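Worksheet: one structure, shown below.
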Amino acid sequence: MRNRSGGERERSPDVHGNGPRRPRGTTRRTARGVRAPSVRRARGRVPDRSPGKGAEVSPILRVVAGYAWRLIIVGAAAYAIFAALGRFHLVTLAVFLALVLTALLEPAVSLLSRWMPRSAAVAIGLVVGILLLFSILSLIGATVAGEWDGLRREFVGGVQRIERWFEGPPVHLRPGTLSDLQSRLSRFVTSHRATLISTALSGVGQAVAVLTVGVLALFCSIFFLHSGDRMWEWFGGQLPVGGRQPVHAAGCAAWFTFTGYTRGIVVVAAINAVLVGAGLFALGIPLALPLAVLEFFAAFIPLVGSPVALAIAAVVALAAKGPVVAAVVVLLIVVIGQIEGHVLHPLVMSRAVRLHPVVVALTVICGSVTAGVLGAVVAVPMVSVAWSVYGVLRVPAEPAS
C-alpha cells in the first residue's frame, strides 16, 4: 500500500497478520491503553474438561503403595516359610540342634584334626560332648535324690510358715484357706485321674519324638562336622554363576553370626550358673546345684529365662529359709541381670549380635507366642542371622556428589 507521498506504507502485522509475529507471552495494547497478555489459542482444539483427566497421584502415596505391596509379598513369603517349617517342626528342630552342636564342637574337632584323621576327631568330640551332658544330668539326679527327704521336710515347714505369714498382717488371710486349697487340689486330681493318665501316656509319645529328634540331630552333626565345608561348596556349585558370590557372602555372614551367638550364649549361661550356684550355696538353700543347672538352660532365653529361673529359686528359698533369704535371692536376680546385660553381653556377644535390647525383647515374645519355649530359644539367633545377611547383601548408598 502506498501513501499520498508515493512512499510505501509498512503493513501493520496486527491488522494484516503477515508481518513479523509477536512471540507468545508478550503484551498488546487494548483499546483503553492497558496492556494485556496476548494468548494464542490453537484453532479447532477444544480443551479436555472431562472429569478425572489430568489428576495426578501424589508422589508420597505412590511410594507408600510401592512399599505396601512389596511388604505384602515379603510377609506372604515369610508366612509360607514358617508354615512349611511348622509342618516339619521335628526335622527343623533336629537340624537346628545339629547346627548348635556343630558350632560348639567345631573348634575342638578342628584342633584334634591336626594330629589325627578328621573322622576320628569328630568321633572323639561327639563322645566327649555326650559323656559331659550325661554326667551333668546324672549329677543332678543324684543331688536331687540325696536331698529329697530333707527338702520335703523343709518344704512342708516352709509352707506352714508361709500360711502363718498370710494369716497375719497385712494380708489377714482366713485360717485354713491354704489347707482347703490343697484338699480341693487333691479332689480335682482324683476326679480327673483318667484325663491325667491319658496325658501321661501321650507324654510317652512326646518322649519318643524327643529321642527321634536327638538321634537325627546327632546324625546330622556328624556330617556337618566331618564335611560341612564340602557340602556348602556343592550347594554353591548348583547355583547360577552370577548368584554364587552373594550367596557365599551371605552364608559366611550367617554362619559367623550363628556360631558367635551360640558360643557366646553358652559362655554367658555358664557364668550365670556359676554365680547363681555360688550365691544359693552361700545362703544355704537346698538343691543349689539343680537350680544352678536350671539357670544355665534358662539363660538361653535372653532377658526372660534368668529371672524366671531365679524366681523359682526364690520360691524354694521362701519355703525352706523364710522371707528374708527369699528377699536376698530376689536381690540376686537384680544383680545378676545387671551383670548379664551390661557386662557379659557387651563383652562376649557384641561382635556377633548387634541387636537393640528392645528388638531382642520383642523377638523373644513373638517367638514364645508362635512356638512356645522352643520359639523363644530359636527366635533371637534367627533374627540375628537374618540381620547379618541383610547387612551383607545390602547395596551401600552412593556418596553424594
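By convention in this document, the chains of the C-alpha cells carry letters A, B, ... by their order, each chain's residues are numbered from 1, and ligands are numbered from 1 in the order they are shown.
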Report task. Could you give me, as JSON, numbers by chain, the residues within 9 Å of Ser368 (chain A), counting only C-alpha atoms and dropping anything in the same chain fewer than 6 positions from it? Result -> {"A": [374, 375, 376, 377, 379]}
Kindly export the residues of the current selection with C-alpha atoms, as a tab-separated table (two decimals), in the first residue's frame.
```tsv
chain	number	residue	atom	x	y	z
A	374	LEU	CA	11.28	-73.53	71.61
A	375	GLY	CA	10.30	-70.40	69.68
A	376	ALA	CA	11.73	-68.19	72.44
A	377	VAL	CA	15.05	-70.04	72.21
A	379	ALA	CA	13.88	-66.55	67.69
```
Query raised in the report: Quick one: residues within 7 Å of region 291-305 of chain A, only C-alpha atoms counted, chain neighbours fewer than 2 positions away excluded, as a list of chain:residue names?
Result: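 Here the answer would be A:Ile265, A:Ala269, A:Ala270, A:Asn272, A:Ala273, A:Val274, A:Val276, A:Gly277, A:Leu287, A:Ala288, A:Leu289, A:Pro307, A:Val308, A:Ala309, A:Ala313, A:Ala361, A:Ala376, A:Val377.
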Take the residues from that selection and put them in a file with N, CA, C and O atoms, as a PDB file, in the first residue's frame.
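Printed below is selection-v2.pdb as written:
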```
ATOM      1  N   ILE A 265      26.347 -67.333  73.986  1.00  0.00           N
ATOM      2  CA  ILE A 265      25.262 -67.599  74.936  1.00  0.00           C
ATOM      3  C   ILE A 265      25.623 -68.735  75.865  1.00  0.00           C
ATOM      4  O   ILE A 265      25.192 -68.767  77.034  1.00  0.00           O
ATOM      5  N   ALA A 269      25.621 -68.226  79.807  1.00  0.00           N
ATOM      6  CA  ALA A 269      24.832 -69.125  80.639  1.00  0.00           C
ATOM      7  C   ALA A 269      25.702 -69.815  81.690  1.00  0.00           C
ATOM      8  O   ALA A 269      25.277 -69.993  82.845  1.00  0.00           O
ATOM      9  N   ALA A 270      26.918 -70.199  81.314  1.00  0.00           N
ATOM     10  CA  ALA A 270      27.810 -70.848  82.279  1.00  0.00           C
ATOM     11  C   ALA A 270      28.191 -69.892  83.406  1.00  0.00           C
ATOM     12  O   ALA A 270      28.196 -70.269  84.594  1.00  0.00           O
ATOM     13  N   ASN A 272      26.473 -67.264  84.440  1.00  0.00           N
ATOM     14  CA  ASN A 272      25.275 -67.069  85.264  1.00  0.00           C
ATOM     15  C   ASN A 272      25.044 -68.245  86.196  1.00  0.00           C
ATOM     16  O   ASN A 272      24.694 -68.066  87.374  1.00  0.00           O
ATOM     17  N   ALA A 273      25.222 -69.465  85.686  1.00  0.00           N
ATOM     18  CA  ALA A 273      25.011 -70.649  86.516  1.00  0.00           C
ATOM     19  C   ALA A 273      26.004 -70.709  87.667  1.00  0.00           C
ATOM     20  O   ALA A 273      25.644 -71.057  88.803  1.00  0.00           O
ATOM     21  N   VAL A 274      27.266 -70.346  87.399  1.00  0.00           N
ATOM     22  CA  VAL A 274      28.271 -70.341  88.471  1.00  0.00           C
ATOM     23  C   VAL A 274      27.916 -69.301  89.532  1.00  0.00           C
ATOM     24  O   VAL A 274      27.992 -69.574  90.757  1.00  0.00           O
ATOM     25  N   VAL A 276      24.938 -68.026  90.241  1.00  0.00           N
ATOM     26  CA  VAL A 276      23.724 -68.435  90.962  1.00  0.00           C
ATOM     27  C   VAL A 276      24.032 -69.584  91.915  1.00  0.00           C
ATOM     28  O   VAL A 276      23.585 -69.593  93.083  1.00  0.00           O
ATOM     29  N   GLY A 277      24.777 -70.583  91.445  1.00  0.00           N
ATOM     30  CA  GLY A 277      25.112 -71.702  92.319  1.00  0.00           C
ATOM     31  C   GLY A 277      25.911 -71.265  93.532  1.00  0.00           C
ATOM     32  O   GLY A 277      25.649 -71.725  94.659  1.00  0.00           O
ATOM     33  N   LEU A 287      19.124 -77.804  97.127  1.00  0.00           N
ATOM     34  CA  LEU A 287      19.073 -78.005  95.672  1.00  0.00           C
ATOM     35  C   LEU A 287      19.766 -76.860  94.939  1.00  0.00           C
ATOM     36  O   LEU A 287      19.287 -76.382  93.909  1.00  0.00           O
ATOM     37  N   ALA A 288      20.904 -76.401  95.466  1.00  0.00           N
ATOM     38  CA  ALA A 288      21.615 -75.296  94.823  1.00  0.00           C
ATOM     39  C   ALA A 288      22.139 -75.714  93.455  1.00  0.00           C
ATOM     40  O   ALA A 288      22.073 -74.936  92.488  1.00  0.00           O
ATOM     41  N   LEU A 289      22.663 -76.945  93.348  1.00  0.00           N
ATOM     42  CA  LEU A 289      23.199 -77.399  92.062  1.00  0.00           C
ATOM     43  C   LEU A 289      22.119 -77.557  90.995  1.00  0.00           C
ATOM     44  O   LEU A 289      22.278 -77.056  89.874  1.00  0.00           O
ATOM     45  N   PRO A 307      15.598 -64.441  84.932  1.00  0.00           N
ATOM     46  CA  PRO A 307      14.668 -64.051  86.011  1.00  0.00           C
ATOM     47  C   PRO A 307      13.666 -65.136  86.379  1.00  0.00           C
ATOM     48  O   PRO A 307      13.330 -65.293  87.563  1.00  0.00           O
ATOM     49  N   VAL A 308      13.186 -65.915  85.394  1.00  0.00           N
ATOM     50  CA  VAL A 308      12.238 -66.977  85.708  1.00  0.00           C
ATOM     51  C   VAL A 308      12.895 -68.062  86.549  1.00  0.00           C
ATOM     52  O   VAL A 308      12.333 -68.542  87.552  1.00  0.00           O
ATOM     53  N   ALA A 309      14.113 -68.479  86.170  1.00  0.00           N
ATOM     54  CA  ALA A 309      14.820 -69.499  86.935  1.00  0.00           C
ATOM     55  C   ALA A 309      15.115 -69.023  88.353  1.00  0.00           C
ATOM     56  O   ALA A 309      14.954 -69.774  89.336  1.00  0.00           O
ATOM     57  N   ALA A 313      14.007 -70.263  92.224  1.00  0.00           N
ATOM     58  CA  ALA A 313      14.930 -70.357  93.355  1.00  0.00           C
ATOM     59  C   ALA A 313      14.432 -69.537  94.536  1.00  0.00           C
ATOM     60  O   ALA A 313      14.583 -69.937  95.706  1.00  0.00           O
ATOM     61  N   ALA A 361      13.829 -58.206  73.095  1.00  0.00           N
ATOM     62  CA  ALA A 361      12.639 -58.488  73.898  1.00  0.00           C
ATOM     63  C   ALA A 361      11.429 -58.798  73.017  1.00  0.00           C
ATOM     64  O   ALA A 361      10.700 -59.776  73.256  1.00  0.00           O
ATOM     65  N   ALA A 376      10.966 -69.207  71.709  1.00  0.00           N
ATOM     66  CA  ALA A 376      11.727 -68.190  72.437  1.00  0.00           C
ATOM     67  C   ALA A 376      13.223 -68.439  72.353  1.00  0.00           C
ATOM     68  O   ALA A 376      14.018 -67.497  72.327  1.00  0.00           O
ATOM     69  N   VAL A 377      13.626 -69.710  72.310  1.00  0.00           N
ATOM     70  CA  VAL A 377      15.050 -70.041  72.207  1.00  0.00           C
ATOM     71  C   VAL A 377      15.585 -69.766  70.807  1.00  0.00           C
ATOM     72  O   VAL A 377      16.693 -69.251  70.633  1.00  0.00           O
TER      73      VAL A 377
END
```
Report summary line: Ala278 (chain A) proximity check over A:Phe88, A:Leu101, A:Val329, A:Thr262, using only C-alpha atoms: winner is A:Val329
Query raised in the report: Which residues, written as a VMD selection string, have at least one atom at most 8 Å from Val213 (chain A), with only C-alpha atoms counted and residues fewer than 2 positions away on the same chain left out?
Result: chain A and resid 90 to 91 93 to 94 209 to 211 215 to 217
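Proximity ranking of A:Met116, A:Ala253, A:Leu126, A:Leu104 relative to Val267 (chain A) places A:Leu104 first, based on only C-alpha atoms.
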Query - Distance of CA of Thr363 (chain A) from CA of Tyr390 (chain A), expressed in Å to one decimal place - result: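 CA of Thr363 (chain A) lies 17.0 Å from CA of Tyr390 (chain A).
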**Report entry** Atomic distance CA of Met382 (chain A) - CA of Gly367 (chain A), expressed in Å with one decimal
**Finding:**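 These two atoms are separated by 10.1 Å.
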Would you give me, as JSON lines, each residue of region 62-142 of chain A having an atom within 8 Å of an atom of region 219-236 of chain A, along with its shortest atom pair and that distance in Å to one decimal, using only C-alpha atoms and sorting by chain and residue number?
```
{"residue": "A:Val95", "atom": "CA", "partner": "A:Cys220", "partner_atom": "CA", "distance": 6.9}
{"residue": "A:Ala98", "atom": "CA", "partner": "A:Ser221", "partner_atom": "CA", "distance": 4.6}
{"residue": "A:Leu99", "atom": "CA", "partner": "A:Ser221", "partner_atom": "CA", "distance": 6.7}
{"residue": "A:Leu101", "atom": "CA", "partner": "A:Ser221", "partner_atom": "CA", "distance": 6.5}
{"residue": "A:Thr102", "atom": "CA", "partner": "A:Ser221", "partner_atom": "CA", "distance": 5.8}
{"residue": "A:Leu105", "atom": "CA", "partner": "A:Leu225", "partner_atom": "CA", "distance": 8.0}
{"residue": "A:Glu106", "atom": "CA", "partner": "A:Leu225", "partner_atom": "CA", "distance": 6.4}
{"residue": "A:Val109", "atom": "CA", "partner": "A:Leu225", "partner_atom": "CA", "distance": 7.6}
{"residue": "A:Arg118", "atom": "CA", "partner": "A:His226", "partner_atom": "CA", "distance": 6.4}
{"residue": "A:Ser119", "atom": "CA", "partner": "A:His226", "partner_atom": "CA", "distance": 6.3}
{"residue": "A:Val122", "atom": "CA", "partner": "A:Leu225", "partner_atom": "CA", "distance": 6.5}
{"residue": "A:Ala123", "atom": "CA", "partner": "A:Ile222", "partner_atom": "CA", "distance": 8.0}
```
Please produce a file of those selected residues containing all heavy atoms, as a PDB file, in the first residue's frame.
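Result file part-v6.pdb:
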```pdb
ATOM      1  N   VAL A  95      17.672 -80.257  62.801  1.00  0.00           N
ATOM      2  CA  VAL A  95      18.730 -79.548  62.057  1.00  0.00           C
ATOM      3  C   VAL A  95      19.280 -78.386  62.880  1.00  0.00           C
ATOM      4  O   VAL A  95      20.497 -78.133  62.901  1.00  0.00           O
ATOM      5  CB  VAL A  95      18.183 -79.062  60.704  1.00  0.00           C
ATOM      6  CG1 VAL A  95      19.206 -78.200  59.982  1.00  0.00           C
ATOM      7  CG2 VAL A  95      17.795 -80.254  59.832  1.00  0.00           C
ATOM      8  N   ALA A  98      21.550 -79.803  65.444  1.00  0.00           N
ATOM      9  CA  ALA A  98      22.787 -80.241  64.793  1.00  0.00           C
ATOM     10  C   ALA A  98      23.707 -79.058  64.519  1.00  0.00           C
ATOM     11  O   ALA A  98      24.929 -79.148  64.694  1.00  0.00           O
ATOM     12  CB  ALA A  98      22.456 -80.983  63.499  1.00  0.00           C
ATOM     13  N   LEU A  99      23.138 -77.940  64.096  1.00  0.00           N
ATOM     14  CA  LEU A  99      23.955 -76.743  63.876  1.00  0.00           C
ATOM     15  C   LEU A  99      24.534 -76.216  65.186  1.00  0.00           C
ATOM     16  O   LEU A  99      25.676 -75.738  65.222  1.00  0.00           O
ATOM     17  CB  LEU A  99      23.112 -75.663  63.197  1.00  0.00           C
ATOM     18  CG  LEU A  99      22.685 -75.946  61.751  1.00  0.00           C
ATOM     19  CD1 LEU A  99      21.750 -74.851  61.253  1.00  0.00           C
ATOM     20  CD2 LEU A  99      23.890 -76.065  60.844  1.00  0.00           C
ATOM     21  N   LEU A 101      25.289 -78.078  67.866  1.00  0.00           N
ATOM     22  CA  LEU A 101      26.389 -78.985  68.201  1.00  0.00           C
ATOM     23  C   LEU A 101      27.613 -78.714  67.335  1.00  0.00           C
ATOM     24  O   LEU A 101      28.756 -78.754  67.811  1.00  0.00           O
ATOM     25  CB  LEU A 101      25.928 -80.440  68.042  1.00  0.00           C
ATOM     26  CG  LEU A 101      24.974 -80.985  69.108  1.00  0.00           C
ATOM     27  CD1 LEU A 101      24.512 -82.381  68.739  1.00  0.00           C
ATOM     28  CD2 LEU A 101      25.642 -80.989  70.473  1.00  0.00           C
ATOM     29  N   THR A 102      27.372 -78.464  66.063  1.00  0.00           N
ATOM     30  CA  THR A 102      28.494 -78.180  65.157  1.00  0.00           C
ATOM     31  C   THR A 102      29.217 -76.903  65.563  1.00  0.00           C
ATOM     32  O   THR A 102      30.459 -76.842  65.568  1.00  0.00           O
ATOM     33  CB  THR A 102      27.981 -78.069  63.722  1.00  0.00           C
ATOM     34  OG1 THR A 102      27.275 -79.266  63.380  1.00  0.00           O
ATOM     35  CG2 THR A 102      29.124 -77.873  62.749  1.00  0.00           C
ATOM     36  N   LEU A 105      31.224 -77.735  68.875  1.00  0.00           N
ATOM     37  CA  LEU A 105      32.299 -78.734  68.817  1.00  0.00           C
ATOM     38  C   LEU A 105      33.298 -78.481  67.697  1.00  0.00           C
ATOM     39  O   LEU A 105      34.353 -79.115  67.687  1.00  0.00           O
ATOM     40  CB  LEU A 105      31.697 -80.134  68.643  1.00  0.00           C
ATOM     41  CG  LEU A 105      30.798 -80.622  69.780  1.00  0.00           C
ATOM     42  CD1 LEU A 105      30.233 -81.994  69.453  1.00  0.00           C
ATOM     43  CD2 LEU A 105      31.558 -80.650  71.098  1.00  0.00           C
ATOM     44  N   GLU A 106      33.006 -77.596  66.769  1.00  0.00           N
ATOM     45  CA  GLU A 106      33.891 -77.414  65.625  1.00  0.00           C
ATOM     46  C   GLU A 106      35.296 -76.936  66.009  1.00  0.00           C
ATOM     47  O   GLU A 106      36.279 -77.420  65.446  1.00  0.00           O
ATOM     48  CB  GLU A 106      33.237 -76.436  64.645  1.00  0.00           C
ATOM     49  CG  GLU A 106      33.854 -76.433  63.252  1.00  0.00           C
ATOM     50  CD  GLU A 106      35.028 -75.487  63.140  1.00  0.00           C
ATOM     51  OE1 GLU A 106      35.081 -74.516  63.914  1.00  0.00           O
ATOM     52  OE2 GLU A 106      35.900 -75.748  62.286  1.00  0.00           O
ATOM     53  N   VAL A 109      37.120 -80.040  67.352  1.00  0.00           N
ATOM     54  CA  VAL A 109      37.345 -81.021  66.287  1.00  0.00           C
ATOM     55  C   VAL A 109      38.442 -80.541  65.343  1.00  0.00           C
ATOM     56  O   VAL A 109      39.313 -81.318  64.917  1.00  0.00           O
ATOM     57  CB  VAL A 109      36.028 -81.288  65.535  1.00  0.00           C
ATOM     58  CG1 VAL A 109      36.267 -82.119  64.284  1.00  0.00           C
ATOM     59  CG2 VAL A 109      35.038 -81.995  66.445  1.00  0.00           C
ATOM     60  N   ARG A 118      40.266 -86.653  60.345  1.00  0.00           N
ATOM     61  CA  ARG A 118      39.082 -85.837  60.665  1.00  0.00           C
ATOM     62  C   ARG A 118      37.958 -86.689  61.249  1.00  0.00           C
ATOM     63  O   ARG A 118      37.263 -86.269  62.173  1.00  0.00           O
ATOM     64  CB  ARG A 118      38.594 -85.143  59.389  1.00  0.00           C
ATOM     65  CG  ARG A 118      37.416 -84.192  59.587  1.00  0.00           C
ATOM     66  CD  ARG A 118      37.846 -82.896  60.184  1.00  0.00           C
ATOM     67  NE  ARG A 118      36.726 -81.976  60.353  1.00  0.00           N
ATOM     68  CZ  ARG A 118      36.840 -80.739  60.810  1.00  0.00           C
ATOM     69  NH1 ARG A 118      38.038 -80.269  61.148  1.00  0.00           N
ATOM     70  NH2 ARG A 118      35.793 -79.958  60.948  1.00  0.00           N
ATOM     71  N   SER A 119      37.754 -87.883  60.739  1.00  0.00           N
ATOM     72  CA  SER A 119      36.683 -88.748  61.243  1.00  0.00           C
ATOM     73  C   SER A 119      36.916 -89.122  62.700  1.00  0.00           C
ATOM     74  O   SER A 119      35.976 -89.120  63.513  1.00  0.00           O
ATOM     75  CB  SER A 119      36.591 -90.002  60.380  1.00  0.00           C
ATOM     76  OG  SER A 119      37.848 -90.668  60.343  1.00  0.00           O
ATOM     77  N   VAL A 122      36.128 -86.127  64.888  1.00  0.00           N
ATOM     78  CA  VAL A 122      34.681 -85.945  65.039  1.00  0.00           C
ATOM     79  C   VAL A 122      34.121 -86.928  66.055  1.00  0.00           C
ATOM     80  O   VAL A 122      33.306 -86.566  66.926  1.00  0.00           O
ATOM     81  CB  VAL A 122      33.988 -86.096  63.675  1.00  0.00           C
ATOM     82  CG1 VAL A 122      32.481 -86.145  63.842  1.00  0.00           C
ATOM     83  CG2 VAL A 122      34.375 -84.951  62.744  1.00  0.00           C
ATOM     84  N   ALA A 123      34.543 -88.182  65.975  1.00  0.00           N
ATOM     85  CA  ALA A 123      34.051 -89.196  66.905  1.00  0.00           C
ATOM     86  C   ALA A 123      34.431 -88.861  68.345  1.00  0.00           C
ATOM     87  O   ALA A 123      33.599 -88.943  69.261  1.00  0.00           O
ATOM     88  CB  ALA A 123      34.607 -90.567  66.518  1.00  0.00           C
TER      89      ALA A 123
END
```
Report task. Grab the CA of Arg263 (chain A) to CA of Pro107 (chain A) distance for me, in Å with one decimal place. Result -> 10.5 Å
Report task. Find the spatial neighbours of Val383 (chain A), counting only C-alpha atoms, within a cut-off of 9 Å - ignore same-chain residues fewer than 5 positions away - and output them as a ChimeraX atom specification. Result -> /A:355,360,363,378,388
Query raised in the report: Could you write out, as a ChimeraX atom specification, all the residues of region 219-358 of chain A that DSSP marks as alpha helix (DSSP H)?
Result: /A:219-237,241-283,288-298,305-321,323-339,345-349,357-358
Residues within 8 Å of region 246-248 of chain A, please, as a CSV table (one decimal) with N, CA and C atoms, in the first residue's frame. Count only C-alpha atoms; anything in the same chain fewer than 3 positions from it doesn't count.
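The file below, part05.csv, is the result:
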```csv
chain,number,residue,atom,x,y,z
A,236,GLY,N,26.8,-74.4,46.6
A,236,GLY,CA,27.1,-73.2,45.8
A,236,GLY,C,27.3,-73.5,44.4
A,243,GLY,N,24.9,-65.7,40.8
A,243,GLY,CA,24.4,-65.7,42.2
A,243,GLY,C,25.3,-66.4,43.2
A,251,GLY,N,26.1,-66.7,53.3
A,251,GLY,CA,26.3,-67.9,54.1
A,251,GLY,C,27.4,-67.7,55.1
A,252,CYS,N,28.5,-67.1,54.7
A,252,CYS,CA,29.6,-66.9,55.6
A,252,CYS,C,29.2,-66.0,56.7
A,393,LEU,N,24.2,-58.3,52.1
A,393,LEU,CA,23.6,-58.1,50.8
A,393,LEU,C,23.1,-56.7,50.5
```
